[in-house]
Every structure is written in structure tokens, then in C-alpha cells.
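**Student:** Structure file input04.txt (compact mmCIF, C-alpha atoms) right here:
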```txt
# COMPACT_ATOMS: atom_id res chain seq x y z
CA MET A 1 -36.95 1.70 23.39
CA MET A 2 -34.06 4.05 22.51
CA ASN A 3 -33.65 7.52 23.94
CA CYS A 4 -32.27 10.52 21.99
CA GLU A 5 -28.71 10.05 23.23
CA GLU A 6 -28.65 6.40 22.19
CA PHE A 7 -30.20 7.31 18.86
CA GLU A 8 -27.42 9.83 18.19
CA LEU A 9 -24.84 7.15 18.91
CA ARG A 10 -26.36 4.16 17.14
CA GLY A 11 -29.54 5.24 15.39
CA LEU A 12 -27.83 6.32 12.20
CA ASP A 13 -26.52 2.76 11.76
CA LEU A 14 -29.98 1.41 11.03
CA ASP A 15 -29.46 1.46 7.26
CA ARG A 16 -26.13 -0.36 7.47
CA ALA A 17 -25.90 -3.93 6.24
CA ASP A 18 -24.25 -5.07 9.47
CA ALA A 19 -26.74 -3.28 11.76
CA ASP A 20 -28.22 -5.24 14.62
CA PRO A 21 -31.88 -5.85 13.58
CA GLN A 22 -33.19 -5.25 17.12
CA GLU A 23 -31.30 -1.97 17.46
CA ALA A 24 -32.46 -0.89 14.01
CA ALA A 25 -36.09 -1.57 14.95
CA ALA A 26 -35.70 0.39 18.18
CA ALA A 27 -34.12 3.28 16.28
CA VAL A 28 -37.00 3.39 13.77
CA GLN A 29 -39.49 3.32 16.62
CA HIS A 30 -37.72 6.20 18.37
CA ALA A 31 -37.46 8.28 15.19
CA GLN A 32 -41.20 7.94 14.64
CA SER A 33 -41.88 9.35 18.08
CA CYS A 34 -39.16 12.08 18.18
CA GLY A 35 -39.26 14.94 15.66
CA ARG A 36 -35.66 16.05 16.30
CA CYS A 37 -34.19 12.59 15.84
CA ASN A 38 -36.41 12.00 12.83
CA ALA A 39 -35.07 15.21 11.23
CA MET A 40 -31.50 14.09 11.96
CA LEU A 41 -32.21 10.70 10.37
CA GLU A 42 -33.62 12.37 7.28
CA SER A 43 -30.61 14.68 7.02
CA TRP A 44 -28.27 11.74 7.41
CA ARG A 45 -30.10 9.84 4.69
CA GLU A 46 -29.58 12.80 2.37
CA VAL A 47 -25.88 12.83 3.22
CA LYS A 48 -25.78 9.06 2.65
CA GLY A 49 -27.26 9.69 -0.77
CA ASP A 50 -24.52 12.20 -1.50
CA LEU A 51 -21.87 9.80 -0.24
CA ARG A 52 -23.35 7.14 -2.51
CA LEU A 53 -22.98 9.50 -5.46
CA LEU A 54 -19.34 10.05 -4.56
CA ARG A 55 -18.83 6.31 -4.13
CA GLU A 56 -20.41 5.55 -7.48
CA SER A 57 -18.39 8.22 -9.26
CA THR A 58 -15.13 6.74 -7.96
CA ARG A 59 -16.18 3.09 -7.95
CA LEU A 60 -13.89 2.22 -10.83
CA ASP A 61 -10.92 4.25 -9.65
CA SER A 62 -7.75 2.25 -9.50
CA ALA A 63 -4.03 2.79 -9.55
CA PRO A 64 -2.66 3.63 -12.99
CA ALA A 65 -1.15 0.84 -15.07
CA ARG A 66 2.31 2.32 -14.62
CA VAL A 67 2.27 1.28 -10.95
CA GLU A 68 1.77 -2.34 -11.95
CA MET A 69 4.56 -2.03 -14.51
CA ARG A 70 6.96 -0.60 -11.93
CA LEU A 71 6.14 -3.33 -9.43
CA LYS A 72 6.59 -6.06 -12.05
CA GLN A 73 9.96 -4.61 -12.92
CA GLU A 74 10.97 -4.56 -9.26
CA LEU A 75 9.87 -8.18 -8.85
CA ARG A 76 11.86 -9.28 -11.89
CA THR A 77 14.96 -7.40 -10.79
CA ARG A 78 14.86 -9.02 -7.39
CA ARG A 79 14.23 -12.47 -8.86
CA GLU A 80 17.20 -12.18 -11.22
CA ALA A 81 19.47 -10.91 -8.49
CA ARG A 82 18.61 -13.76 -6.18
CA VAL A 83 20.54 -17.06 -6.45
CA PRO A 84 18.28 -19.89 -5.34
CA ARG A 85 19.13 -20.98 -1.81
CA SER A 86 18.93 -24.65 -2.81
CA THR A 87 21.64 -24.13 -5.42
CA VAL A 88 23.94 -22.55 -2.84
CA VAL A 89 23.37 -25.42 -0.40
CA VAL A 90 23.98 -28.14 -3.00
CA ALA A 91 27.09 -26.41 -4.31
CA SER A 92 28.52 -26.02 -0.79
CA TRP A 93 27.99 -29.67 0.06
CA ALA A 94 29.44 -30.83 -3.26
CA LEU A 95 32.52 -28.70 -2.72
CA ALA A 96 33.00 -29.95 0.84
CA ALA A 97 32.54 -33.60 -0.22
CA THR A 98 35.05 -33.20 -3.03
CA ALA A 99 37.59 -31.68 -0.66
CA VAL A 100 37.17 -34.53 1.82
CA LEU A 101 37.45 -37.13 -0.95
CA VAL A 102 40.63 -35.60 -2.36
CA ALA A 103 42.19 -35.33 1.09
CA SER A 104 41.30 -38.95 1.94
CA VAL A 105 42.70 -40.34 -1.29
CA GLY A 106 45.89 -38.35 -0.84
CA TRP A 107 46.31 -39.49 2.75
CA LEU A 108 45.69 -43.14 1.88
CA GLN A 109 48.20 -43.04 -0.95
CA THR A 110 50.82 -41.45 1.26
CA ARG A 111 50.22 -43.96 4.03
CA HIS A 112 50.23 -46.92 1.62
CA LYS A 113 53.58 -45.88 0.21
CA SER A 114 55.22 -45.38 3.58
CA GLN A 115 53.86 -48.36 5.58
CA GLY A 116 52.41 -50.97 3.33
CA PRO A 117 49.26 -52.90 4.16
CA VAL A 118 48.24 -52.79 7.79
CA VAL A 119 45.24 -54.31 9.43
CA SER A 120 43.82 -52.57 12.42
CA SER A 121 43.66 -54.45 15.69
CA SER A 122 40.05 -53.40 16.02
CA ASN A 123 39.27 -56.01 13.40
CA ALA A 124 40.50 -58.75 15.68
CA ARG A 125 37.16 -59.36 17.29
CA GLN A 126 35.51 -59.59 13.90
CA ILE A 127 38.11 -62.07 12.77
CA SER A 128 37.69 -64.17 15.87
CA ASN A 129 33.96 -64.32 15.23
CA ILE A 130 34.44 -65.47 11.69
CA ALA A 131 37.04 -68.11 12.48
CA PRO A 132 35.88 -71.70 12.29
CA LYS A 133 35.62 -73.66 15.46
CA THR A 134 36.99 -77.07 14.73
CA LEU A 135 39.37 -79.47 16.34
CA ASN A 136 41.70 -81.83 14.59
CA ASP A 137 43.76 -84.70 15.66
CA ASP A 138 47.03 -82.78 15.97
CA SER A 139 45.95 -81.21 19.24
CA ASP A 140 49.28 -81.80 20.94
CA GLU A 141 51.16 -79.85 18.32
CA MET A 142 48.62 -77.14 18.53
CA LEU A 143 48.93 -76.97 22.28
CA LEU A 144 52.62 -76.42 21.75
CA ALA A 145 51.93 -73.68 19.30
CA ALA A 146 49.46 -71.98 21.57
CA ASP A 147 51.61 -72.23 24.65
CA TYR A 148 55.00 -71.01 23.51
CA ASP A 149 56.65 -68.34 21.53
CA SER A 150 57.52 -69.45 18.12
CA ALA A 151 59.16 -67.76 15.22
CA THR A 152 56.97 -69.62 12.74
CA PHE A 153 53.24 -69.57 12.29
CA THR A 154 51.02 -72.56 13.01
CA GLN A 155 48.37 -73.13 10.39
CA LEU A 156 44.87 -72.87 11.83
CA PRO A 157 42.57 -75.85 11.42
CA ALA A 158 40.36 -75.71 8.31
CA SER A 159 42.61 -73.18 6.57
CA LEU A 160 44.97 -73.82 3.70
CA PRO A 161 48.37 -72.28 3.24
CA SER A 162 47.98 -69.29 0.99
CA ALA A 163 49.91 -68.99 -2.22
CA SER A 164 49.34 -65.27 -2.31
CA SER A 165 51.89 -62.83 -1.00
CA ASP A 166 49.25 -60.28 0.14
CA GLU A 167 49.05 -61.37 3.71
CA SER A 168 49.23 -59.27 6.85
CA ILE A 169 50.19 -59.88 10.39
CA LEU A 170 47.68 -58.79 12.97
CA GLU A 171 48.93 -58.38 16.48
CA VAL A 172 46.25 -58.96 19.10
CA ARG A 173 46.31 -59.07 22.87
CA MET A 174 43.72 -61.59 24.02
CA GLN A 175 42.94 -64.18 26.63
CA ARG A 176 44.51 -67.52 25.94
CA GLY A 177 41.09 -69.18 26.25
CA ALA A 178 39.87 -67.29 23.18
CA LEU A 179 42.29 -69.30 21.04
CA GLU A 180 39.95 -72.23 21.53
CA ARG A 181 37.53 -70.54 19.17
CA PHE A 182 40.12 -70.92 16.43
CA GLY A 183 40.28 -74.64 17.01
CA LEU A 184 43.38 -74.56 19.18
CA PRO A 185 43.45 -76.61 22.37
CA VAL A 186 44.03 -74.53 25.48
CA ASP A 187 45.11 -75.51 28.96
CA PRO A 188 42.05 -74.67 31.08
CA ASP A 189 44.26 -73.60 34.01
CA ARG A 190 45.84 -70.85 31.92
CA ALA A 191 42.78 -69.87 29.90
CA SER A 192 42.39 -66.49 31.61
CA GLU A 193 45.96 -65.39 30.96
CA PHE A 194 46.49 -62.55 28.50
CA VAL A 195 48.84 -63.30 25.67
CA ASP A 196 50.09 -61.46 22.64
CA VAL A 197 49.20 -63.30 19.46
CA ASP A 198 50.07 -62.68 15.85
CA PHE A 199 47.51 -63.73 13.31
CA LEU A 200 48.45 -64.20 9.70
CA VAL A 201 45.50 -62.74 7.86
CA GLY A 202 44.88 -63.68 4.27
CA GLU A 203 43.68 -61.58 1.38
CA ASP A 204 40.08 -62.47 2.21
CA GLY A 205 40.40 -61.13 5.75
CA GLN A 206 40.31 -64.59 7.31
CA PRO A 207 43.01 -65.65 9.82
CA GLN A 208 45.12 -68.43 8.35
CA ALA A 209 47.83 -69.03 10.89
CA VAL A 210 48.71 -68.03 14.40
CA ARG A 211 51.90 -67.32 16.33
CA LEU A 212 52.13 -66.87 20.05
CA HIS A 213 54.68 -64.71 21.84
CA GLN A 214 55.04 -63.51 25.36
CA ASN A 215 56.44 -60.10 24.61
CA SER A 216 54.58 -57.75 22.36
CA GLN A 217 56.14 -57.32 19.00
CA VAL A 218 55.89 -54.44 16.61
CA MET A 219 53.50 -55.29 13.88
CA THR A 220 55.37 -55.90 10.68
CA THR A 221 54.49 -56.77 7.21
CA THR A 222 55.54 -60.09 5.89
CA GLN A 223 56.94 -60.64 2.44
CA MET B 1 -7.15 -24.54 -9.09
CA LYS B 2 -7.38 -21.13 -10.77
CA ILE B 3 -5.02 -18.48 -9.49
CA LEU B 4 -7.96 -16.22 -8.66
CA ASP B 5 -9.38 -18.88 -6.33
CA GLU B 6 -6.17 -19.29 -4.37
CA LYS B 7 -5.98 -18.03 -0.82
CA PRO B 8 -3.98 -14.84 -0.22
CA ASP B 9 -1.42 -16.60 1.95
CA ALA B 10 -0.69 -19.21 -0.70
CA LEU B 11 -0.43 -16.51 -3.35
CA LEU B 12 1.90 -14.51 -1.16
CA LYS B 13 4.21 -17.49 -0.61
CA ARG B 14 4.47 -17.95 -4.36
CA ALA B 15 4.91 -14.24 -4.95
CA VAL B 16 7.76 -14.10 -2.43
CA ARG B 17 9.50 -16.87 -4.37
CA GLY B 18 9.29 -14.65 -7.45
CA ASP B 19 6.09 -15.95 -9.07
CA GLU B 20 4.93 -12.94 -11.07
CA GLN B 21 1.45 -14.29 -11.76
CA ALA B 22 0.80 -14.85 -8.08
CA PHE B 23 2.01 -11.36 -7.25
CA LEU B 24 -0.16 -9.79 -9.94
CA ALA B 25 -3.17 -11.72 -8.69
CA LEU B 26 -2.61 -10.26 -5.23
CA TYR B 27 -1.99 -6.79 -6.61
CA ARG B 28 -5.12 -6.79 -8.74
CA ARG B 29 -7.20 -8.08 -5.88
CA HIS B 30 -6.24 -5.26 -3.51
CA GLN B 31 -4.91 -2.28 -5.43
CA SER B 32 -8.20 -0.68 -6.35
CA ALA B 33 -9.56 -0.45 -2.81
CA LEU B 34 -6.20 0.75 -1.49
CA TYR B 35 -6.00 3.38 -4.20
CA ARG B 36 -9.51 4.69 -3.48
CA TYR B 37 -8.77 4.75 0.22
CA ALA B 38 -5.56 6.72 -0.32
CA LEU B 39 -7.22 9.04 -2.82
CA ARG B 40 -10.11 9.82 -0.50
CA MET B 41 -7.79 10.37 2.41
CA THR B 42 -5.25 12.54 0.61
CA GLY B 43 -7.34 14.08 -2.17
CA SER B 44 -4.36 13.66 -4.46
CA PRO B 45 -4.15 11.08 -7.26
CA TRP B 46 -0.37 11.34 -7.24
CA ALA B 47 -0.14 10.68 -3.54
CA ALA B 48 -2.58 7.79 -3.85
CA GLU B 49 -0.49 6.27 -6.63
CA GLU B 50 2.63 6.56 -4.53
CA VAL B 51 0.92 5.00 -1.54
CA VAL B 52 -0.23 1.98 -3.55
CA GLN B 53 3.22 1.51 -5.00
CA GLU B 54 4.88 1.70 -1.60
CA VAL B 55 2.43 -0.77 -0.08
CA PHE B 56 3.25 -3.41 -2.66
CA LEU B 57 6.97 -2.66 -2.55
CA VAL B 58 6.83 -3.54 1.14
CA LEU B 59 5.21 -6.83 0.16
CA ILE B 60 8.01 -7.52 -2.33
CA ARG B 61 10.94 -6.37 -0.22
CA GLU B 62 9.85 -7.23 3.30
CA PRO B 63 7.24 -9.98 3.05
CA GLN B 64 8.20 -11.19 6.52
CA LYS B 65 6.46 -8.13 7.94
CA TYR B 66 3.14 -9.81 7.20
CA GLN B 67 2.29 -12.43 9.79
CA ALA B 68 -0.78 -14.46 8.94
CA GLU B 69 -1.56 -15.21 12.58
CA ARG B 70 -2.01 -11.51 13.29
CA GLY B 71 -4.70 -10.91 10.69
CA GLU B 72 -5.65 -11.09 7.06
CA LEU B 73 -3.44 -9.84 4.26
CA GLY B 74 -6.01 -7.22 3.26
CA ALA B 75 -5.93 -5.69 6.75
CA PHE B 76 -2.13 -5.72 6.72
CA LEU B 77 -2.07 -3.89 3.39
CA TYR B 78 -4.54 -1.33 4.69
CA GLY B 79 -2.33 -0.87 7.72
CA VAL B 80 0.72 -0.17 5.56
CA ALA B 81 -1.33 2.16 3.34
CA ARG B 82 -2.65 3.94 6.41
CA ASN B 83 0.88 4.60 7.71
CA ARG B 84 1.94 6.02 4.36
CA VAL B 85 -1.21 8.15 4.12
CA MET B 86 -0.71 9.55 7.63
CA LYS B 87 2.92 10.37 6.85
CA HIS B 88 1.79 12.12 3.69
CA LEU B 89 -0.84 14.10 5.59
CA GLU B 90 1.71 15.13 8.19
CA LYS B 91 4.21 16.32 5.62
CA ALA B 92 2.11 17.91 2.92
CA PRO B 93 -0.75 20.36 3.16
CA ARG B 94 -3.95 19.01 1.78
CA GLU B 95 -3.77 18.95 -1.97
CA LEU B 96 -6.97 19.68 -3.80
CA SER B 97 -7.10 19.57 -7.53
CA LEU B 98 -8.85 22.48 -9.17
CA ASP B 99 -10.39 20.19 -11.72
CA VAL B 100 -11.75 16.77 -11.13
CA MET B 101 -9.25 14.51 -12.77
CA ASN B 102 -9.15 10.89 -13.64
CA THR B 103 -6.40 8.78 -12.17
CA ASP B 104 -4.37 8.98 -15.36
CA GLY B 105 -4.44 12.78 -15.21
CA SER B 106 -6.97 13.24 -17.99
CA ALA B 107 -10.04 15.39 -17.48
CA TRP B 108 -12.95 13.79 -15.70
CA ASN B 109 -15.74 12.75 -18.03
CA GLU B 110 -19.26 12.48 -16.82
CA PRO B 111 -20.50 8.94 -17.29
CA GLU B 112 -23.33 8.51 -19.71
CA ASP B 113 -26.41 9.62 -17.82
CA PRO B 114 -29.96 10.21 -18.96
CA LEU B 115 -30.01 13.52 -17.12
CA THR B 116 -30.26 16.99 -18.57
CA PRO B 117 -27.05 19.06 -18.66
CA MET B 118 -28.42 21.13 -15.77
CA MET B 119 -29.02 18.07 -13.63
CA ILE B 120 -25.61 16.69 -14.54
CA ALA B 121 -23.97 19.91 -13.45
CA GLU B 122 -25.88 19.88 -10.16
CA LYS B 123 -24.94 16.29 -9.52
CA ARG B 124 -21.33 16.99 -10.28
CA GLU B 125 -21.39 19.94 -7.94
CA ARG B 126 -22.88 17.84 -5.15
CA ILE B 127 -20.27 15.16 -5.59
CA GLU B 128 -17.60 17.79 -5.40
CA GLN B 129 -19.13 19.24 -2.25
CA VAL B 130 -19.18 15.82 -0.59
CA ARG B 131 -15.61 15.15 -1.66
CA GLU B 132 -14.57 18.50 -0.17
CA ALA B 133 -16.52 17.87 3.02
CA VAL B 134 -14.94 14.45 3.50
CA LEU B 135 -11.47 15.80 2.83
CA GLY B 136 -12.13 18.56 5.36
CA LEU B 137 -12.69 16.11 8.21
CA PRO B 138 -9.90 15.46 10.71
CA ALA B 139 -7.85 12.47 9.57
CA ASP B 140 -9.13 9.96 12.12
CA PHE B 141 -12.79 10.82 11.51
CA ARG B 142 -12.21 10.96 7.76
CA GLU B 143 -10.70 7.52 7.85
CA ALA B 144 -13.71 6.09 9.66
CA VAL B 145 -16.09 7.71 7.16
CA VAL B 146 -14.02 6.55 4.17
CA LEU B 147 -13.80 2.97 5.37
CA CYS B 148 -17.29 2.53 6.79
CA GLU B 149 -19.37 4.72 4.48
CA LEU B 150 -17.47 4.92 1.20
CA GLU B 151 -15.73 1.53 1.19
CA GLU B 152 -18.74 0.01 2.99
CA MET B 153 -16.57 -2.02 5.35
CA SER B 154 -18.10 -3.54 8.45
CA TYR B 155 -16.98 -2.09 11.78
CA GLU B 156 -14.90 -5.20 12.32
CA GLU B 157 -13.11 -4.88 8.98
CA ALA B 158 -12.50 -1.17 9.50
CA ALA B 159 -11.14 -1.81 12.98
CA GLY B 160 -8.81 -4.47 11.52
CA ALA B 161 -7.59 -2.05 8.85
CA CYS B 162 -6.97 0.74 11.36
CA GLY B 163 -5.56 -1.54 14.01
CA CYS B 164 -7.91 -0.24 16.71
CA PRO B 165 -10.90 -1.59 18.64
CA ILE B 166 -14.39 -1.60 17.12
CA GLY B 167 -15.56 0.86 19.77
CA THR B 168 -12.97 3.38 18.60
CA ILE B 169 -14.15 3.07 15.00
CA ARG B 170 -17.79 3.54 16.06
CA SER B 171 -16.89 6.58 18.09
CA ARG B 172 -14.83 8.14 15.28
CA LEU B 173 -17.58 7.43 12.80
CA HIS B 174 -20.14 9.04 15.08
CA ARG B 175 -18.03 12.22 15.30
CA GLY B 176 -17.26 12.13 11.57
CA ARG B 177 -20.91 11.81 10.67
CA ALA B 178 -21.86 14.72 12.91
CA LEU B 179 -19.21 16.95 11.31
CA LEU B 180 -20.17 15.83 7.83
CA LEU B 181 -23.84 16.49 8.53
CA ALA B 182 -23.06 19.97 9.76
CA LYS B 183 -20.87 20.82 6.76
CA LEU B 184 -23.26 19.47 4.15
CA GLU B 185 -26.30 20.98 5.87
CA LEU B 186 -24.63 24.36 5.65
CA LEU B 187 -23.77 23.86 2.00
CA ARG B 188 -27.24 22.64 1.23
CA ASP B 189 -28.96 25.44 3.08
CA ALA B 190 -26.86 28.21 1.53
CA PRO B 191 -28.56 28.03 -1.92
CA ARG B 192 -31.93 27.61 -0.20
CA ARG B 193 -31.32 30.73 1.87
CA ALA B 194 -30.07 32.56 -1.21
CA SER B 195 -33.15 31.65 -3.24
CA ALA B 196 -35.42 32.54 -0.31
CA GLY B 197 -33.72 35.96 0.01
CA ALA B 198 -34.14 36.60 -3.73
CA LYS B 199 -37.87 36.13 -3.35
```
Turn the structure described in the file into C-alpha cells.
**Tutor:**
Amino acid sequence: MMNCEEFELRGLDLDRADADPQEAAAAVQHAQSCGRCNAMLESWREVKGDLRLLRESTRLDSAPARVEMRLKQELRTRREARVPRSTVVVASWALAATAVLVASVGWLQTRHKSQGPVVSSSNARQISNIAPKTLNDDSDEMLLAADYDSATFTQLPASLPSASSDESILEVRMQRGALERFGLPVDPDRASEFVDVDFLVGEDGQPQAVRLHQNSQVMTTTQ
Amino acid sequence: MKILDEKPDALLKRAVRGDEQAFLALYRRHQSALYRYALRMTGSPWAAEEVVQEVFLVLIREPQKYQAERGELGAFLYGVARNRVMKHLEKAPRELSLDVMNTDGSAWNEPEDPLTPMMIAEKRERIEQVREAVLGLPADFREAVVLCELEEMSYEEAAGACGCPIGTIRSRLHRGRALLLAKLELLRDAPRRASAGAK
């Protein structure tokens, strides 16, 4: 059961849609037993009626159409002023890629003119993996080729002399034993020695001939 | 999915990207309640119009101010409107129009009513008295009365709009009701006393 103080605080909520049903019932019960609180409830209900009249009279009030027009105009102005972010990003990347491409082409052309074709020594491992592993009957000659410096190249087994002039010399420092993978016989006692080797690399990137030398030589272009 | 069925957050995302239809859907969903709130708080149609415009300009220019995790868009808009209304109340003395005007500035027309001209006049006078009484409340109490009694918000919704606890809203409403009762009782009793004295 509510007392007068509680009724003053919460009793007038009993007509609200979100009123607690138990509290509302207690408020009604108290109002029936208390003349003062009942009079206050009646007065409040009259005021609620007046508030309802005010609410109904302004129910359809809304901002004038000119507000919507102004806001639409603002939205359009901002939309037109704004360049889509995606466009900016794509344009930036395209510009950067073009600059890199132009610089690369220019650098390659300059380098090609000044040095001619060069094959990087980092390709040596790849070449050695590709090379056929065969042995032929001329193993003695090959041993000679693999053991000593020679001004001329020794044709590798299973490769034919190239008629093309687009060949490169690839200078590689490797263990003598690795020459075995190219079909060259190697003295097992000297297999761990490091030697400087020139490979004659054909147009197709395959090694065609080999030349051994003790002292490193500057890589040069043949023909 | 119809644009009217879309959630406010989805509409706002589209509106921020410049989608006019999405923005208008949001505007039309909220502007009327915000306008009534501002009008009842300020008593000035011009101020109410300005408040609504400023609220939606914030949404256009600074959409990042709304953070969905902190509450619903409606509550955020009420919050912005509330700030503008309070600034207006601080700056300007209460503006009361001499005539009851429509929002477009034209004279207020009584809706069609099966009442006699005398009853219509009385009703109009009562509405005006209530409007005056509400506008005469201190801002915090007025706000609670406007939101909970005139806009029929729940305590929770009103607390969200004002950015204060439910207990604060209940307390303000309690004080607002008491003041309103006293004012309207006086107004109501004055004619009664006058007619009793005439007898």
C-alpha cells in the first residue's frame, strides 16, 4: 500500500502506458482511501486533458518545407565538391606505376646500350639445376677441360654448338665437384676445391659450353 | 527492401555517401518530432525551424559525431537539438507570439470541430493557457514535461534524449507536474472565483 509521499512521487504515473501495473494498482487503492491524494489525481487528470488538447493541436506540426530544401541543397553542394576517394586512390597508383615503368624502361635501355647482354651470376644455380647429367665417352678430354685453364670453351655433353651469336658468358665461382652435374668428370680428391668457371649460355638460357680458369676474369661479352 | 524499412544506421551510411533519398528518409522520419520539441521548448516557430536545420546540418557535415554504439540515432538527434535549444534559451528571452501561428507563419485555423463557436473559443483559450504554462516552466522541468507528457516518450527514451539517468527524468517530471498543476489550478480557479464573486 502506498503512502501520500510515495503517491506524490509515483502515483500520477498510473495513467502512463509504461506504468508498472502493481504500482498503478497501489496508487489507485491509495487514492480511494485518501481525499487529498484523490483530489490531486483528479486535478492532474484535468491537466492531462489540457496537455492532450495541446498535443492534438500541434500533432501535425513539422518543420517548413524550406528547411528540407535548404538541407537538400547543402547535401548536393557537398556531394559535388567531393571527389570520390576511390578515384583519388586509383589515379595515384596509376601515376606511380607509370612513373616506375618509364624509369625502368629508360634504365634498361641505357644499360643495354652501354654494356650489352649480361647474365646475372644469381642465375647460376638455376642453370646448374637445369643442366643435363650425362656422361660420354670422351671423359679424359673433359677431365682436362675441367682441370685446367683454357682459352677455349669445352662443349657440354648433350648440347650442340649454337649457330646464334646471342650468347653470354656467365662467370661462376663454384666447387669443382658441382661440374659433375654438367656431365664433366671430376677428380674426387679435388672435388671440394673452389674454382672460377665461365659458362657459355645460349639464347635459351641453357649452358652450352664451359671454360675453367684459376684466376677470376671479368665477365665479358662474346661476339 | 523499401527505403522506409531500412534501419537508421544503414540509411545514415548511405546519406553520408551523398545518397539524397536516404538522407530525406532520415529527415522525414525525425524532423517532425524534433520540430515540435524545439517549438514547445522555445515557443518560437523560427527558433524551432533553425534548430531542426542545424541538427540535420550536423548530420551532413559531421556524421562521425554519431556513434551507433552509444545509442540510437533518434536519441543523438534529440541530444543535438537539446544543445541548440538550450543555447537559444540562454541567449534569447522567451519569445511568445501574440497570435497563434502555423509553422509557415500563416494564421492558425481551428480544425473542423463540431463545437459551437463559444466552445471553440474556450478550447482555444485553454490550449493557449497550457502552452503558456508549459513555456513558463524552468527549462529542465519543461523538457521533462515536453518529452514525457507531450511527446509521450517513455522514461527510458526521455533519459536517452536528455543524456541523463531515468531517476533524473522522473524527478524533473515530478517537479514539472507540480508546477504545472499549480499554474493551471490558478488559471482555472480565477474564472470560477470571478463568477462566484459576481453572484
**Student:** Need the shell around Arg173 in chain A: protein/DNA/RNA residues with any atom at most 7 Å away, counting all atoms listed in the file. Skip same-chain ones fewer than 6 positions apart. Format as a short mmCIF file (atom, residue, chain, number, x, y, z; two decimals) with C-alpha atoms, keeping the file's coordinate frame?
**Tutor:**
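The resulting out_10.cif:
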```cif
data_model
loop_
_atom_site.label_atom_id
_atom_site.label_comp_id
_atom_site.auth_asym_id
_atom_site.auth_seq_id
_atom_site.Cartn_x
_atom_site.Cartn_y
_atom_site.Cartn_z
CA PHE A 194 46.49 -62.55 28.50
CA VAL A 195 48.84 -63.30 25.67
CA ASP A 196 50.09 -61.46 22.64
CA VAL A 197 49.20 -63.30 19.46
#
```
**Student:** Any idea which chain A residues end up within 8 Å of chain B if we count all atoms listed in the file, as a VMD selection string please?
**Tutor:** chain A and resid 8 to 9 18 43 to 44 47 to 48 50 to 55 58 60 to 64 67 to 68 71 to 72 75 to 76 78 to 79
**Student:** List the spatial neighbours of Asn83 in chain B as JSON, numbers by chain - criterion: any atom at most 12 Å away, only C-alpha atoms, same-chain residues fewer than 6 positions off excluded.
**Tutor:** {"B": [38, 41, 51, 52, 54, 55, 76, 77, 89, 90, 139, 143, 161, 162, 163]}
**Student:** Report, in Å to a single decimal, how far apart CA of Thr110 in chain A and CA of Ala96 in chain A are.
**Tutor:**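 So the two atoms, CA of Ala96 in chain A and CA of Thr110 in chain A, lie 21.2 Å apart.
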**Student:** Please measure the separation of CA of Pro165 in chain B and CA of Arg70 in chain B, giving the value in Å to one decimal.
**Tutor:**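 Between CA of Pro165 in chain B and CA of Arg70 in chain B the gap works out to 14.4 Å.
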**Student:** Would you mind reading off the distance between CA of Arg66 in chain A and CA of Ala47 in chain B, one decimal, in Å?
**Tutor:** 14.1 Å
